[in-house]
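Chemist: Provided below: start-v6.cif, containing mmCIF, C-alpha atoms.
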data_coords
loop_
_atom_site.label_atom_id
_atom_site.label_comp_id
_atom_site.auth_asym_id
_atom_site.auth_seq_id
_atom_site.Cartn_x
_atom_site.Cartn_y
_atom_site.Cartn_z
CA MET X 854 -42.72 1.26 -27.36
CA GLU X 855 -44.13 -0.08 -30.59
CA GLY X 856 -45.36 -3.65 -30.48
CA VAL X 857 -45.10 -3.99 -26.69
CA GLU X 858 -48.26 -4.77 -24.73
CA VAL X 859 -48.69 -4.58 -20.98
CA PRO X 860 -48.44 -8.15 -19.67
CA GLU X 861 -51.17 -9.77 -17.63
CA ALA X 862 -50.62 -9.49 -13.88
CA VAL X 863 -50.57 -13.25 -13.28
CA HIS X 864 -49.77 -15.86 -15.89
CA ARG X 865 -50.98 -19.45 -15.52
CA SER X 866 -50.30 -22.31 -17.90
CA GLY X 867 -49.61 -26.01 -18.11
CA GLY X 868 -50.51 -28.90 -15.86
CA GLY X 869 -48.81 -31.18 -13.36
CA GLU X 870 -46.98 -30.49 -10.14
CA PRO X 871 -47.24 -26.82 -9.15
CA LEU X 872 -44.35 -24.52 -10.04
CA LEU X 873 -44.10 -20.87 -9.01
CA LEU X 874 -41.78 -18.71 -11.16
CA LEU X 875 -40.63 -15.36 -9.77
CA HIS X 876 -38.94 -12.60 -11.74
CA GLY X 877 -36.26 -10.09 -10.84
CA VAL X 878 -36.50 -6.49 -9.73
CA LEU X 879 -37.83 -4.05 -12.37
CA LEU X 880 -38.94 -6.88 -14.69
CA THR X 881 -42.06 -9.04 -15.14
CA TRP X 882 -42.90 -12.75 -15.39
CA GLN X 883 -42.10 -12.42 -19.11
CA SER X 884 -38.39 -12.50 -18.20
CA TRP X 885 -38.72 -16.31 -18.01
CA GLY X 886 -39.13 -16.29 -21.79
CA SER X 887 -39.33 -19.68 -23.48
CA ALA X 888 -38.18 -21.42 -20.28
CA LEU X 889 -41.67 -20.80 -18.92
CA ASP X 890 -43.30 -22.48 -21.91
CA ALA X 891 -40.95 -25.45 -21.64
CA LEU X 892 -41.60 -25.89 -17.92
CA ALA X 893 -45.35 -25.66 -18.51
CA THR X 894 -45.21 -28.87 -20.53
CA ASP X 895 -44.91 -30.86 -17.29
CA HIS X 896 -45.91 -28.41 -14.55
CA ALA X 897 -48.81 -26.21 -13.60
CA VAL X 898 -47.01 -22.87 -13.80
CA LEU X 899 -47.96 -19.79 -11.80
CA ALA X 900 -45.93 -16.74 -12.81
CA PRO X 901 -46.97 -13.43 -11.25
CA THR X 902 -45.64 -9.94 -11.78
CA PHE X 903 -44.75 -8.35 -8.45
CA PRO X 904 -46.83 -5.43 -7.17
CA GLY X 905 -45.51 -2.09 -8.34
CA HIS X 906 -43.96 -3.62 -11.45
CA TRP X 907 -45.20 -3.19 -15.03
CA GLY X 908 -48.58 -4.87 -15.42
CA GLY X 909 -48.63 -6.03 -11.79
CA PRO X 910 -51.07 -4.89 -9.12
CA GLU X 911 -50.59 -1.61 -7.33
CA ALA X 912 -48.25 -1.93 -4.36
CA ALA X 913 -49.08 -0.93 -0.82
CA ARG X 914 -46.51 1.64 0.28
CA PRO X 915 -43.84 1.47 1.37
CA ALA X 916 -43.17 -1.62 -0.70
CA THR X 917 -40.76 -4.09 0.92
CA VAL X 918 -39.34 -7.53 0.22
CA ARG X 919 -41.50 -8.94 3.00
CA ALA X 920 -44.61 -7.46 1.40
CA LEU X 921 -43.70 -9.15 -1.89
CA VAL X 922 -43.24 -12.47 -0.07
CA ASP X 923 -46.66 -12.00 1.56
CA TYR X 924 -48.20 -11.29 -1.84
CA CYS X 925 -46.76 -14.50 -3.32
CA GLU X 926 -47.92 -16.51 -0.33
CA ARG X 927 -51.46 -15.20 -0.84
CA LEU X 928 -51.29 -16.28 -4.48
CA LEU X 929 -50.28 -19.77 -3.38
CA ASP X 930 -53.22 -19.84 -0.98
CA GLU X 931 -55.65 -18.60 -3.65
CA SER X 932 -54.35 -21.29 -6.01
CA GLY X 933 -54.97 -23.98 -3.40
CA TRP X 934 -51.26 -24.80 -3.26
CA ASP X 935 -49.96 -25.54 0.22
CA THR X 936 -46.53 -25.99 -1.35
CA ALA X 937 -45.00 -25.69 -4.79
CA HIS X 938 -41.68 -25.98 -6.49
CA ILE X 939 -40.34 -22.43 -6.61
CA ALA X 940 -37.77 -20.85 -8.90
CA GLY X 941 -36.78 -17.20 -8.72
CA ASN X 942 -34.29 -14.83 -10.28
CA SER X 943 -32.62 -11.84 -8.56
CA LEU X 944 -35.22 -10.29 -6.24
CA GLY X 945 -37.42 -13.27 -7.11
CA GLY X 946 -34.64 -15.56 -5.89
CA TRP X 947 -34.69 -13.83 -2.50
CA VAL X 948 -38.49 -14.08 -2.37
CA ALA X 949 -38.26 -17.78 -3.31
CA LEU X 950 -35.86 -18.43 -0.44
CA GLU X 951 -38.13 -16.57 1.99
CA LEU X 952 -41.11 -18.65 0.87
CA ALA X 953 -39.02 -21.79 1.36
CA ALA X 954 -38.21 -20.65 4.89
CA ARG X 955 -41.97 -20.30 5.51
CA GLY X 956 -42.45 -23.94 4.49
CA ARG X 957 -44.13 -23.21 1.14
CA ALA X 958 -41.53 -24.78 -1.19
CA ARG X 959 -41.07 -28.40 -2.28
CA SER X 960 -37.83 -27.38 -3.95
CA CYS X 961 -36.15 -24.04 -4.55
CA THR X 962 -34.01 -22.82 -7.44
CA ALA X 963 -32.54 -19.36 -6.80
CA ILE X 964 -30.86 -17.81 -9.84
CA ALA X 965 -28.55 -14.84 -9.14
CA PRO X 966 -30.54 -14.28 -5.93
CA ALA X 967 -30.45 -11.01 -4.06
CA GLY X 968 -30.02 -11.13 -0.30
CA LEU X 969 -27.16 -13.59 0.14
CA TRP X 970 -24.69 -10.83 0.89
CA ARG X 971 -21.07 -11.31 1.91
CA ALA X 972 -21.59 -8.41 4.33
CA PRO X 973 -24.34 -5.82 4.87
CA ALA X 974 -22.31 -3.30 2.87
CA ALA X 975 -22.52 -5.59 -0.16
CA ALA X 976 -26.11 -4.46 -0.60
CA ASP X 977 -24.85 -0.94 -1.31
CA SER X 978 -23.92 -1.81 -4.88
CA LEU X 979 -27.42 -3.08 -5.55
CA LEU X 980 -28.92 0.01 -3.91
CA ARG X 981 -26.85 2.25 -6.19
CA LYS X 982 -28.02 0.31 -9.24
CA PHE X 983 -31.64 0.66 -8.10
CA ARG X 984 -31.29 4.41 -7.86
CA ALA X 985 -29.53 4.65 -11.22
CA PHE X 986 -32.77 3.57 -12.89
CA GLY X 987 -34.71 6.46 -11.35
CA PRO X 988 -34.28 8.86 -14.30
CA LEU X 989 -35.52 6.18 -16.69
CA ILE X 990 -38.87 5.70 -14.97
CA GLY X 991 -41.62 7.06 -17.20
CA LEU X 992 -39.65 6.61 -20.43
CA GLY X 993 -41.67 3.52 -21.24
CA PRO X 994 -44.14 2.59 -23.96
CA ASP X 995 -45.53 5.41 -26.12
CA ARG X 996 -43.91 8.17 -24.05
CA GLN X 997 -40.56 8.50 -25.78
CA PRO X 998 -40.86 7.10 -29.31
CA THR X 999 -37.26 8.00 -30.16
CA MET X 1000 -35.80 6.20 -27.13
CA PRO X 1001 -36.47 2.43 -27.42
CA THR X 1002 -33.33 1.47 -29.37
CA LEU X 1003 -31.10 3.59 -27.13
CA LEU X 1004 -32.72 2.22 -23.98
CA ARG X 1005 -32.29 -1.36 -25.13
CA SER X 1006 -28.62 -0.76 -25.88
CA LEU X 1007 -28.14 0.64 -22.36
CA LEU X 1008 -30.23 -1.82 -20.38
CA LEU X 1009 -29.89 -5.23 -22.04
CA PRO X 1010 -26.16 -5.60 -21.22
CA LEU X 1011 -27.14 -5.39 -17.54
CA LEU X 1012 -29.43 -8.39 -17.97
CA ALA X 1013 -27.63 -10.59 -20.49
CA ASN X 1014 -23.97 -11.26 -21.17
CA ARG X 1015 -24.87 -11.76 -24.82
CA PRO X 1016 -27.61 -9.22 -25.59
CA ALA X 1017 -27.78 -10.32 -29.22
CA ALA X 1018 -28.97 -13.75 -28.03
CA VAL X 1019 -32.13 -12.24 -26.53
CA PRO X 1020 -35.09 -12.47 -28.94
CA ASN X 1021 -36.13 -8.99 -30.07
CA PRO X 1022 -39.72 -9.10 -28.71
CA LEU X 1023 -38.38 -10.19 -25.32
CA ALA X 1024 -35.73 -7.46 -25.40
CA LYS X 1025 -38.44 -4.86 -26.06
CA ALA X 1026 -40.60 -6.20 -23.23
CA MET X 1027 -37.73 -6.15 -20.73
CA THR X 1028 -36.81 -2.56 -21.66
CA ALA X 1029 -40.42 -1.46 -21.25
CA ALA X 1030 -40.67 -3.20 -17.88
CA ILE X 1031 -37.57 -1.52 -16.47
CA THR X 1032 -38.86 1.94 -17.36
CA GLU X 1033 -42.26 1.29 -15.75
CA CYS X 1034 -41.38 -0.07 -12.29
CA ALA X 1035 -42.97 2.16 -9.64
CA ILE X 1036 -41.29 0.93 -6.44
CA VAL X 1037 -37.59 1.36 -7.09
CA ASP X 1038 -37.15 3.92 -4.30
CA ASP X 1039 -39.22 1.86 -1.86
CA LEU X 1040 -37.11 -1.25 -2.35
CA ALA X 1041 -33.89 0.75 -2.09
CA GLU X 1042 -35.05 2.02 1.32
CA ASP X 1043 -36.23 -1.37 2.62
CA PRO X 1044 -34.58 -1.79 6.05
CA ALA X 1045 -34.25 -5.53 5.34
CA LEU X 1046 -31.99 -4.90 2.35
CA PRO X 1047 -28.63 -4.80 4.21
CA THR X 1048 -29.41 -7.97 6.18
CA GLY X 1049 -30.80 -9.99 3.30
CA PHE X 1050 -31.73 -13.66 3.69
CA THR X 1051 -30.07 -15.45 6.57
CA GLY X 1052 -32.03 -18.72 6.67
CA LEU X 1053 -30.17 -20.71 4.02
CA PRO X 1054 -28.55 -23.17 6.49
CA GLU X 1055 -31.98 -24.05 7.89
CA LEU X 1056 -33.60 -25.03 4.59
CA GLU X 1057 -34.21 -28.79 4.44
CA ILE X 1058 -35.61 -29.03 0.91
CA PRO X 1059 -33.55 -29.53 -2.27
CA THR X 1060 -32.19 -26.05 -3.03
CA THR X 1061 -29.99 -24.86 -5.88
CA ILE X 1062 -28.16 -21.53 -6.02
CA LEU X 1063 -27.03 -20.57 -9.53
CA LEU X 1064 -24.51 -17.72 -9.88
CA PRO X 1065 -23.94 -16.34 -13.38
CA ALA X 1066 -20.24 -15.71 -13.92
CA HIS X 1067 -20.82 -12.52 -15.94
CA ASP X 1068 -23.48 -10.98 -13.72
CA ARG X 1069 -23.18 -7.18 -13.96
CA VAL X 1070 -25.92 -6.51 -11.40
CA LEU X 1071 -24.88 -8.94 -8.65
CA PRO X 1072 -21.33 -10.01 -9.49
CA PRO X 1073 -20.06 -13.12 -7.68
CA HIS X 1074 -17.95 -11.14 -5.19
CA VAL X 1075 -21.05 -9.71 -3.44
CA TYR X 1076 -22.09 -13.16 -2.19
CA ALA X 1077 -21.25 -14.76 1.12
CA PRO X 1078 -19.20 -17.96 0.75
CA LEU X 1079 -21.61 -20.68 -0.36
CA THR X 1080 -20.81 -24.37 0.01
CA SER X 1081 -22.81 -27.28 -1.35
CA THR X 1082 -24.32 -29.61 1.26
CA GLN X 1083 -26.64 -32.62 1.24
CA THR X 1084 -29.61 -30.39 0.40
CA LEU X 1085 -27.90 -27.35 -1.14
CA GLU X 1086 -26.18 -27.27 -4.53
CA VAL X 1087 -24.20 -24.19 -5.53
CA ARG X 1088 -23.04 -23.79 -9.11
CA THR X 1089 -21.60 -21.11 -11.35
CA LEU X 1090 -23.14 -20.51 -14.76
CA PRO X 1091 -20.27 -19.72 -17.15
CA ALA X 1092 -20.64 -16.97 -19.77
CA LEU X 1093 -24.13 -15.86 -18.62
CA GLY X 1094 -25.52 -12.62 -17.22
CA HIS X 1095 -27.92 -11.63 -14.46
CA VAL X 1096 -31.10 -12.94 -16.11
CA PRO X 1097 -29.79 -16.10 -17.79
CA MET X 1098 -33.24 -17.25 -18.92
CA LEU X 1099 -33.10 -14.50 -21.54
CA GLU X 1100 -30.04 -15.95 -23.30
CA ALA X 1101 -29.98 -19.62 -22.21
CA PRO X 1102 -33.58 -20.74 -21.58
CA ASP X 1103 -32.85 -24.42 -22.25
CA LEU X 1104 -30.10 -24.47 -19.64
CA ILE X 1105 -32.26 -22.80 -17.01
CA THR X 1106 -35.15 -25.14 -17.78
CA ALA X 1107 -32.81 -28.09 -17.23
CA GLU X 1108 -31.52 -26.63 -13.96
CA VAL X 1109 -35.01 -26.11 -12.54
CA ARG X 1110 -36.01 -29.63 -13.55
CA ALA X 1111 -32.86 -31.07 -11.99
CA THR X 1112 -33.65 -29.40 -8.67
CA ILE X 1113 -37.22 -30.72 -8.81
CA ALA X 1114 -35.95 -34.22 -9.59
CA ARG X 1115 -33.90 -34.21 -6.40
CA VAL X 1116 -37.13 -34.19 -4.37
CA ALA X 1117 -38.05 -37.67 -5.60
CA ALA X 1118 -34.46 -38.85 -5.28
CA THR X 1119 -34.20 -37.79 -1.64
CA ALA X 1120 -37.55 -39.39 -0.86
CA ARG X 1121 -36.41 -42.86 -1.96
CA PRO X 1122 -35.37 -45.20 0.83
CA ALA X 1123 -31.63 -45.79 1.07
#
Write the structure described by the file as structure tokens, please.
Modeler:
Amino acid sequence: MEGVEVPEAVHRSGGGEPLLLLHGVLLTWQSWGSALDALATDHAVLAPTFPGHWGGPEAARPATVRALVDYCERLLDESGWDTAHIAGNSLGGWVALELAARGRARSCTAIAPAGLWRAPAAADSLLRKFRAFGPLIGLGPDRQPTMPTLLRSLLLPLLANRPAAVPNPLAKAMTAAITECAIVDDLAEDPALPTGFTGLPELEIPTTILLPAHDRVLPPHVYAPLTSTQTLEVRTLPALGHVPMLEAPDLITAEVRATIARVAATARPA
């Protein structure tokens, strides 16, 4: 795919309190777009690409959600970060919640997270979407020079409610990433998929769940009922799709910062 380079496996930038950014299934850390750059102005940002994804390390097989959580925890250890603020999208949202349950998060922002199913059967729709990408694997950069425009027109509407709002270089990178993910079948067969994440009520850190209203990958009806509490805030993002950073980076930057700000607010004496 002309003009698209394989991204580095782990991106680091900025300075300040540590912030781990996790991407969604099939994508890379580049899906954070300009939100990453904005957040790096006041945070030390660590943004990895998951094993088995384009530009990421090779995955041990079978690849599972737990293995991805383990990988991220090792990165935190290697960075010398006992804890960090964590924000994740889709699969990255599930991984972020799992890391929070392990005590590694100062705050957690989960954007269109996988794993918070209304019922085990709700995971079936995601599984079917995983498998639908199978025929596209291998159609990535330099393999099918006539395909990029067609692929973008097919794939971008799954990620963004307003595909035209996604900058062209980012749109090309996301299309390339989707066609190069090597662990689609593994994740679809993960025995943890139907159960998902069940530890939300036990999280004691400031946590925000953001649900895009026009999510075509994980529409709102797949989620269990979610109610805001003293530590948990649940909000709908109007007019946005599954990867809202692509089309509304300023909004997502503000949401992550607002969750982080709640840490200091809750630490103040009453």
Chemist: As an exercise, work out the distance from atom CA of Asn1021 of chain X to atom CA of Gly941 of chain X in Å and give it to one decimal place.
Modeler: 22.9 Å
Chemist: For the structure provided, state which residues fall under the PyMOL selection byres ((chain X and resi 1109) around 10), and present them as a PDB file with C-alpha atoms, in the coordinates of the input.
Modeler:
ATOM      1  CA  LEU X 872     -44.350 -24.520 -10.040  1.00  0.00           C
ATOM      2  CA  ALA X 888     -38.180 -21.420 -20.280  1.00  0.00           C
ATOM      3  CA  LEU X 892     -41.600 -25.890 -17.920  1.00  0.00           C
ATOM      4  CA  HIS X 938     -41.680 -25.980  -6.490  1.00  0.00           C
ATOM      5  CA  ILE X 939     -40.340 -22.430  -6.610  1.00  0.00           C
ATOM      6  CA  ALA X 940     -37.770 -20.850  -8.900  1.00  0.00           C
ATOM      7  CA  GLY X 941     -36.780 -17.200  -8.720  1.00  0.00           C
ATOM      8  CA  SER X 960     -37.830 -27.380  -3.950  1.00  0.00           C
ATOM      9  CA  CYS X 961     -36.150 -24.040  -4.550  1.00  0.00           C
ATOM     10  CA  THR X 962     -34.010 -22.820  -7.440  1.00  0.00           C
ATOM     11  CA  ALA X 963     -32.540 -19.360  -6.800  1.00  0.00           C
ATOM     12  CA  ILE X 964     -30.860 -17.810  -9.840  1.00  0.00           C
ATOM     13  CA  THR X1060     -32.190 -26.050  -3.030  1.00  0.00           C
ATOM     14  CA  THR X1061     -29.990 -24.860  -5.880  1.00  0.00           C
ATOM     15  CA  LEU X1104     -30.100 -24.470 -19.640  1.00  0.00           C
ATOM     16  CA  ILE X1105     -32.260 -22.800 -17.010  1.00  0.00           C
ATOM     17  CA  THR X1106     -35.150 -25.140 -17.780  1.00  0.00           C
ATOM     18  CA  ALA X1107     -32.810 -28.090 -17.230  1.00  0.00           C
ATOM     19  CA  GLU X1108     -31.520 -26.630 -13.960  1.00  0.00           C
ATOM     20  CA  ARG X1110     -36.010 -29.630 -13.550  1.00  0.00           C
ATOM     21  CA  ALA X1111     -32.860 -31.070 -11.990  1.00  0.00           C
ATOM     22  CA  THR X1112     -33.650 -29.400  -8.670  1.00  0.00           C
ATOM     23  CA  ILE X1113     -37.220 -30.720  -8.810  1.00  0.00           C
ATOM     24  CA  ALA X1114     -35.950 -34.220  -9.590  1.00  0.00           C
TER      25      ALA X1114
END
Chemist: Residues near Gly867 of chain X, anyone? I mean within 6 Å using only C-alpha atoms, not counting same-chain ones fewer than 2 positions away, as a ChimeraX atom specification.
Modeler: /X:893-894,896-898
Chemist: What does the PyMOL selection byres ((chain X and resi 861-863) around 10) select in this file, as a list in words?
Modeler: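 What the PyMOL selection byres ((chain X and resi 861-863) around 10) grabs from the file is Glu858, Val859, Pro860, His864, Arg865, Thr881, Trp882, Gln883, Leu899, Ala900, Pro901, Thr902, Phe903, Pro904, His906, Trp907, Gly908, Gly909, Pro910 and Leu928 of chain X.
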Chemist: Grab the residues selected above and save them as a PDB file, keeping the file's coordinate frame with C-alpha atoms.
Modeler:
ATOM      1  CA  GLU X 858     -48.260  -4.770 -24.730  1.00  0.00           C
ATOM      2  CA  VAL X 859     -48.690  -4.580 -20.980  1.00  0.00           C
ATOM      3  CA  PRO X 860     -48.440  -8.150 -19.670  1.00  0.00           C
ATOM      4  CA  HIS X 864     -49.770 -15.860 -15.890  1.00  0.00           C
ATOM      5  CA  ARG X 865     -50.980 -19.450 -15.520  1.00  0.00           C
ATOM      6  CA  THR X 881     -42.060  -9.040 -15.140  1.00  0.00           C
ATOM      7  CA  TRP X 882     -42.900 -12.750 -15.390  1.00  0.00           C
ATOM      8  CA  GLN X 883     -42.100 -12.420 -19.110  1.00  0.00           C
ATOM      9  CA  LEU X 899     -47.960 -19.790 -11.800  1.00  0.00           C
ATOM     10  CA  ALA X 900     -45.930 -16.740 -12.810  1.00  0.00           C
ATOM     11  CA  PRO X 901     -46.970 -13.430 -11.250  1.00  0.00           C
ATOM     12  CA  THR X 902     -45.640  -9.940 -11.780  1.00  0.00           C
ATOM     13  CA  PHE X 903     -44.750  -8.350  -8.450  1.00  0.00           C
ATOM     14  CA  PRO X 904     -46.830  -5.430  -7.170  1.00  0.00           C
ATOM     15  CA  HIS X 906     -43.960  -3.620 -11.450  1.00  0.00           C
ATOM     16  CA  TRP X 907     -45.200  -3.190 -15.030  1.00  0.00           C
ATOM     17  CA  GLY X 908     -48.580  -4.870 -15.420  1.00  0.00           C
ATOM     18  CA  GLY X 909     -48.630  -6.030 -11.790  1.00  0.00           C
ATOM     19  CA  PRO X 910     -51.070  -4.890  -9.120  1.00  0.00           C
ATOM     20  CA  LEU X 928     -51.290 -16.280  -4.480  1.00  0.00           C
TER      21      LEU X 928
END
Chemist: What is the atom CA of Leu1090 of chain X to atom CA of Ala949 of chain X distance in Å?
Modeler: 19.2 Å
Chemist: Quick check, in Å to one decimal: how far apart do atom CA of Val857 of chain X and atom CA of Gly886 of chain X lie?
Modeler: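 Separation between atom CA of Val857 of chain X and atom CA of Gly886 of chain X: 14.5 Å.
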Chemist: Which one is closest to Cys1034 of chain X: X:Thr917, X:Glu931, X:Glu1100, X:Ala912? Count all atoms listed in the file.
Modeler: X:Ala912
Chemist: Just give me the residues with any atom within 7 Å of (-32.7, -18.3, -15.1), file coordinates, counting all atoms listed in the file, written as a ChimeraX atom specification.
Modeler: /X:885,942,964,1096-1098,1102,1105
